[in-house]
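Shown next: data-v2.txt, containing compact mmCIF, C-alpha atoms.
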```
# COMPACT_ATOMS: atom_id res chain seq x y z
CA MET C 1 32.17 7.85 85.87
CA ASN C 2 31.06 10.67 83.59
CA LYS C 3 28.10 10.21 81.21
CA PRO C 4 30.04 9.76 77.90
CA ILE C 5 32.21 7.01 79.40
CA LEU C 6 29.18 5.35 81.02
CA LEU C 7 27.28 5.40 77.71
CA LEU C 8 30.26 3.84 75.88
CA PHE C 9 30.49 1.10 78.51
CA VAL C 10 26.78 0.24 78.15
CA LEU C 11 27.03 0.11 74.36
CA LEU C 12 30.05 -2.20 74.53
CA LEU C 13 28.23 -4.46 76.99
CA LEU C 14 25.14 -4.69 74.79
CA THR C 15 27.27 -5.43 71.73
CA THR C 16 29.06 -8.25 73.54
CA VAL C 17 25.76 -9.83 74.63
CA ALA C 18 24.30 -9.59 71.12
CA CYS C 19 27.35 -11.13 69.48
CA ASN C 20 27.39 -14.08 71.88
CA ARG C 21 23.68 -14.90 71.46
CA ASN C 22 22.87 -18.12 69.60
CA PRO C 23 20.60 -17.13 66.67
CA HIS C 24 19.05 -20.60 66.64
CA GLN C 25 18.08 -20.64 70.32
CA PRO C 26 14.27 -21.04 70.53
CA MET C 27 13.31 -17.52 71.60
CA ILE C 28 10.04 -15.66 71.27
CA GLY C 29 9.07 -12.28 69.91
CA ASP C 30 11.43 -9.33 69.97
CA THR C 31 14.15 -11.28 71.79
CA ILE C 32 15.03 -12.96 68.48
CA PRO C 33 17.91 -11.08 66.83
CA VAL C 34 16.86 -9.12 63.75
CA VAL C 35 18.88 -8.41 60.61
CA THR C 36 16.30 -6.33 58.76
CA ASP C 37 12.55 -5.81 58.75
CA GLN C 38 12.35 -5.38 54.98
CA GLU C 39 10.63 -8.08 52.93
CA SER C 40 12.68 -6.81 49.98
CA SER C 41 15.63 -8.68 51.55
CA LEU C 42 13.92 -12.03 50.87
CA GLN C 43 15.33 -14.25 48.14
CA ARG C 44 14.00 -17.27 46.26
CA GLY C 45 14.32 -20.31 48.46
CA ASP C 46 14.15 -18.46 51.78
CA LEU C 47 11.79 -19.86 54.40
CA LEU C 48 9.20 -17.94 56.43
CA PHE C 49 8.34 -19.18 59.92
CA VAL C 50 5.23 -18.08 61.81
CA GLY C 51 3.37 -18.83 65.04
CA GLY C 52 -0.40 -18.73 65.54
CA ASP C 53 -3.28 -18.92 67.98
CA SER C 54 -5.89 -21.36 66.66
CA GLN C 55 -6.72 -24.49 68.65
CA MET C 56 -4.48 -26.51 66.36
CA ASP C 57 -1.71 -23.93 66.69
CA ASP C 58 -1.97 -24.11 70.47
CA ALA C 59 -1.73 -27.90 70.36
CA ILE C 60 1.28 -27.75 68.05
CA MET C 61 3.04 -25.14 70.17
CA GLY C 62 2.35 -27.18 73.29
CA SER C 63 4.12 -30.15 71.72
CA THR C 64 6.90 -28.64 69.62
CA GLY C 65 7.47 -24.96 70.44
CA TYR C 66 6.74 -21.44 69.23
CA PHE C 67 6.53 -21.91 65.46
CA THR C 68 3.52 -23.62 63.88
CA HIS C 69 4.00 -22.99 60.14
CA VAL C 70 6.71 -22.66 57.49
CA ALA C 71 6.41 -21.50 53.87
CA ILE C 72 8.76 -21.29 50.88
CA VAL C 73 9.62 -17.96 49.23
CA ASP C 74 9.56 -17.50 45.47
CA ARG C 75 10.08 -14.23 43.58
CA GLN C 76 9.03 -12.95 40.18
CA GLY C 77 10.85 -9.66 39.84
CA ASP C 78 9.76 -7.48 42.77
CA ASP C 79 6.73 -9.68 43.49
CA ILE C 80 6.99 -12.22 46.31
CA TYR C 81 4.99 -15.45 46.36
CA LEU C 82 4.73 -18.24 48.90
CA ILE C 83 4.48 -21.97 48.31
CA GLU C 84 2.93 -23.53 51.38
CA SER C 85 0.62 -26.22 52.70
CA THR C 86 -2.14 -25.15 55.09
CA PRO C 87 -5.15 -26.97 56.58
CA ARG C 88 -7.53 -24.47 54.95
CA HIS C 89 -6.10 -24.31 51.44
CA GLY C 90 -3.85 -27.33 50.94
CA VAL C 91 -0.71 -26.68 48.87
CA THR C 92 -0.91 -23.28 47.19
CA TYR C 93 1.17 -20.68 45.35
CA ARG C 94 0.01 -17.26 46.52
CA PRO C 95 1.21 -13.66 46.80
CA ILE C 96 2.71 -12.67 50.12
CA ALA C 97 -0.30 -10.43 50.85
CA ASP C 98 -2.48 -13.56 51.13
CA PHE C 99 0.12 -15.15 53.40
CA TYR C 100 -0.02 -12.09 55.65
CA GLN C 101 -3.80 -12.31 55.77
CA ASP C 102 -3.65 -15.89 57.05
CA ALA C 103 -1.10 -14.79 59.67
CA MET C 104 -3.66 -12.51 61.36
CA LEU C 105 -4.27 -13.45 64.99
CA SER C 106 -7.54 -13.43 66.92
CA ASP C 107 -6.73 -10.01 68.41
CA SER C 108 -6.52 -8.54 64.87
CA THR C 109 -2.75 -8.20 64.98
CA ARG C 110 -0.43 -10.11 62.66
CA ALA C 111 1.83 -12.83 63.93
CA THR C 112 5.52 -11.98 63.73
CA ILE C 113 7.14 -13.75 60.79
CA TYR C 114 10.81 -14.70 60.63
CA GLY C 115 12.69 -15.09 57.35
CA MET C 116 15.47 -17.66 57.30
CA ARG C 117 18.04 -18.51 54.60
CA LEU C 118 19.90 -21.75 53.99
CA SER C 119 23.66 -21.63 54.42
CA HIS C 120 23.89 -25.20 53.06
CA PRO C 121 24.46 -25.58 49.27
CA PHE C 122 21.32 -26.53 47.32
CA ASP C 123 19.72 -26.01 43.92
CA VAL C 124 17.07 -23.35 44.53
CA ASP C 125 15.43 -23.86 41.13
CA LYS C 126 15.05 -27.58 41.82
CA ALA C 127 13.66 -26.91 45.31
CA ILE C 128 11.06 -24.49 43.96
CA ALA C 129 10.14 -26.92 41.16
CA ILE C 130 9.65 -29.82 43.60
CA ALA C 131 7.53 -27.66 45.91
CA LYS C 132 5.41 -26.44 42.98
CA SER C 133 4.81 -30.03 41.87
CA HIS C 134 2.70 -30.47 45.04
CA ILE C 135 0.38 -27.52 44.31
CA GLY C 136 -3.23 -28.62 44.53
CA GLU C 137 -2.58 -31.46 46.98
CA THR C 138 -4.54 -31.67 50.21
CA TYR C 139 -2.98 -30.79 53.56
CA ASP C 140 -1.84 -33.92 55.40
CA SER C 141 -4.07 -33.85 58.48
CA LEU C 142 -2.70 -37.22 59.60
CA TYR C 143 0.94 -36.00 59.64
CA LEU C 144 2.12 -39.24 58.08
CA PRO C 145 4.90 -39.80 55.53
CA GLY C 146 4.51 -41.57 52.22
CA ASN C 147 0.92 -40.64 51.34
CA ASP C 148 -0.36 -38.31 48.63
CA ARG C 149 -0.64 -35.34 50.99
CA VAL C 150 1.90 -33.05 52.67
CA TYR C 151 1.92 -30.78 55.71
CA CYS C 152 3.93 -27.56 55.76
CA SER C 153 7.34 -28.72 57.00
CA GLU C 154 7.00 -32.00 55.10
CA LEU C 155 6.75 -29.94 51.88
CA VAL C 156 10.01 -28.19 52.77
CA THR C 157 11.75 -31.43 53.73
CA GLU C 158 10.85 -33.05 50.41
CA ALA C 159 11.81 -30.01 48.31
CA TYR C 160 15.13 -29.04 49.90
CA LEU C 161 17.84 -31.45 48.81
CA ASP C 162 21.60 -31.05 48.91
CA MET C 163 23.81 -31.27 45.81
CA ASP C 164 23.86 -35.08 46.18
CA GLY C 165 20.06 -35.25 46.22
CA LYS C 166 19.79 -36.02 49.93
CA PRO C 167 17.35 -34.19 52.26
CA ILE C 168 18.93 -31.18 53.93
CA PHE C 169 16.60 -31.27 56.93
CA SER C 170 16.77 -34.40 59.08
CA LEU C 171 13.64 -36.25 60.13
CA HIS C 172 12.96 -36.91 63.79
CA SER C 173 10.38 -38.68 65.91
CA ILE C 174 7.18 -36.63 65.92
CA ASN C 175 6.00 -35.65 69.39
CA PHE C 176 2.36 -34.83 70.13
CA ARG C 177 2.68 -34.74 73.93
CA ASP C 178 2.88 -31.53 75.92
CA VAL C 179 5.77 -30.48 78.16
CA ASN C 180 4.35 -32.62 80.97
CA GLY C 181 4.31 -35.72 78.81
CA GLU C 182 0.52 -35.73 78.58
CA MET C 183 -1.41 -36.18 75.33
CA PRO C 184 -3.49 -33.01 74.75
CA GLN C 185 -7.22 -33.60 74.41
CA PHE C 186 -7.12 -31.76 71.08
CA TRP C 187 -5.00 -34.51 69.48
CA ILE C 188 -7.10 -37.28 71.04
CA ASP C 189 -10.27 -35.76 69.59
CA TRP C 190 -8.55 -34.92 66.28
CA TYR C 191 -7.46 -38.47 65.54
CA GLN C 192 -10.69 -39.98 66.79
CA GLN C 193 -12.48 -37.87 64.18
CA LEU C 194 -10.04 -39.12 61.54
CA HIS C 195 -10.47 -42.74 62.74
CA ALA C 196 -6.72 -43.11 63.01
CA PRO C 197 -4.19 -43.70 65.81
CA ILE C 198 -2.04 -40.80 66.94
CA PRO C 199 1.30 -41.27 65.10
CA GLU C 200 3.42 -40.55 68.17
CA GLY C 201 7.06 -41.36 67.39
CA VAL C 202 6.63 -41.61 63.61
CA LEU C 203 9.50 -40.01 61.70
CA GLY C 204 8.58 -36.56 60.42
CA SER C 205 9.28 -32.87 60.87
CA ASN C 206 7.93 -29.68 62.41
CA PRO C 207 8.59 -25.96 61.85
CA ASN C 208 10.10 -25.40 65.29
CA ASN C 209 12.85 -28.01 64.89
CA MET C 210 13.47 -26.79 61.35
CA PHE C 211 13.84 -23.19 62.53
CA LYS C 212 16.57 -24.25 64.97
CA SER C 213 18.60 -25.98 62.27
CA SER C 214 22.26 -24.91 62.15
CA LYS C 215 21.87 -24.83 58.36
CA LEU C 216 19.61 -21.75 58.54
CA ASN C 217 20.49 -18.11 59.18
CA MET C 218 18.03 -15.34 59.97
CA VAL C 219 17.57 -12.58 57.40
CA CYS C 220 14.51 -10.63 58.54
CA LYS C 221 11.56 -10.22 60.88
CA LEU C 222 8.36 -9.13 59.15
```
Could you express the structure from this file as structure tokens?
Amino acid sequence: MNKPILLLFVLLLLTTVACNRNPHQPMIGDTIPVVTDQESSLQRGDLLFVGGDSQMDDAIMGSTGYFTHVAIVDRQGDDIYLIESTPRHGVTYRPIADFYQDAMLSDSTRATIYGMRLSHPFDVDKAIAIAKSHIGETYDSLYLPGNDRVYCSELVTEAYLDMDGKPIFSLHSINFRDVNGEMPQFWIDWYQQLHAPIPEGVLGSNPNNMFKSSKLNMVCKL
């Protein structure tokens, strides 16, 4: 086989593999298919998903998967802002530069961030308004529903409603155990400090399950 024909065959093979890959399969790093690396492609209502490497991040990833945080995109002209809930700041409305700063890892590199867009009909203005109504609230360190605090994916779940006013993202039983079914010492110590039981099995959400939703499509990797 001469080189031009061989090159064409390889390109066709790679194209076939790429087209048959499930974009919602929980993959890590550069194996996730990329549409664009430009933040200018982000629109109001898009969601940004990020991993991390703090002790809490490690505990979350051990229980749920690669992603540990999700934030909501808002735009004012060319300026991009994020509405998010974090343990350090609570619910905030900040420029994307601040979001990038918090995504720095312990090795001084930035975590890879994935932008996702809803394919399900929703009122983006209403979603942004609901999310903004939580600004100033404390991060929900207990990961419990129905209190006056919200964690990151809980903020998204409450804000994103379909045209009938029902939540777009389904709740599921929260899992704190690792892949071996063991309760990580981090969560044992965490809830002892909070003087509360571990809410294993309570209905809630997490960024990793949300990322895999069939109602989301990838738009960029930042």
Within 10 Å of range 169-181 of chain C, which residues of range 84-165 of chain C come that close, and what is the closest atom pair and distance in Å for each? Count only C-alpha atoms and give it as JSON lines.
```
{"residue": "C:Tyr143", "atom": "CA", "partner": "C:Ile174", "partner_atom": "CA", "distance": 8.9}
{"residue": "C:Leu144", "atom": "CA", "partner": "C:Ile174", "partner_atom": "CA", "distance": 9.7}
{"residue": "C:Ser153", "atom": "CA", "partner": "C:Phe169", "partner_atom": "CA", "distance": 9.6}
{"residue": "C:Glu154", "atom": "CA", "partner": "C:Leu171", "partner_atom": "CA", "distance": 9.4}
{"residue": "C:Val156", "atom": "CA", "partner": "C:Phe169", "partner_atom": "CA", "distance": 8.4}
{"residue": "C:Thr157", "atom": "CA", "partner": "C:Phe169", "partner_atom": "CA", "distance": 5.8}
{"residue": "C:Glu158", "atom": "CA", "partner": "C:Phe169", "partner_atom": "CA", "distance": 8.9}
{"residue": "C:Ala159", "atom": "CA", "partner": "C:Phe169", "partner_atom": "CA", "distance": 9.9}
{"residue": "C:Tyr160", "atom": "CA", "partner": "C:Phe169", "partner_atom": "CA", "distance": 7.5}
{"residue": "C:Leu161", "atom": "CA", "partner": "C:Phe169", "partner_atom": "CA", "distance": 8.2}
{"residue": "C:Asp162", "atom": "CA", "partner": "C:Phe169", "partner_atom": "CA", "distance": 9.5}
```
Sphere at (12.4, -12.2, 42.4), radius 12 Å, counting all atoms listed in the file: residues as a ChimeraX atom specification: /C:39-46,73-82
Closest of C:Gln185, C:Ser119, C:Ser85, C:Ser108 to Thr138 in chain C - atom-to-atom distances counting all atoms listed in the file: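 Smallest distance to Thr138 in chain C is found for C:Ser85.
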Nearest residue to Ser205 in chain C from the set C:Arg110, C:His69, C:Arg88, C:Lys166 (distances using all atoms listed in the file):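 Smallest separation from Ser205 in chain C among the options: C:His69.
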Residue nearest Pro87 in chain C - candidates C:His195, C:Tyr139, C:Tyr66, C:Asp125, atoms counted: all atoms listed in the file: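 Once distances to Pro87 in chain C are computed over all atoms listed in the file, the minimum belongs to C:Tyr139.
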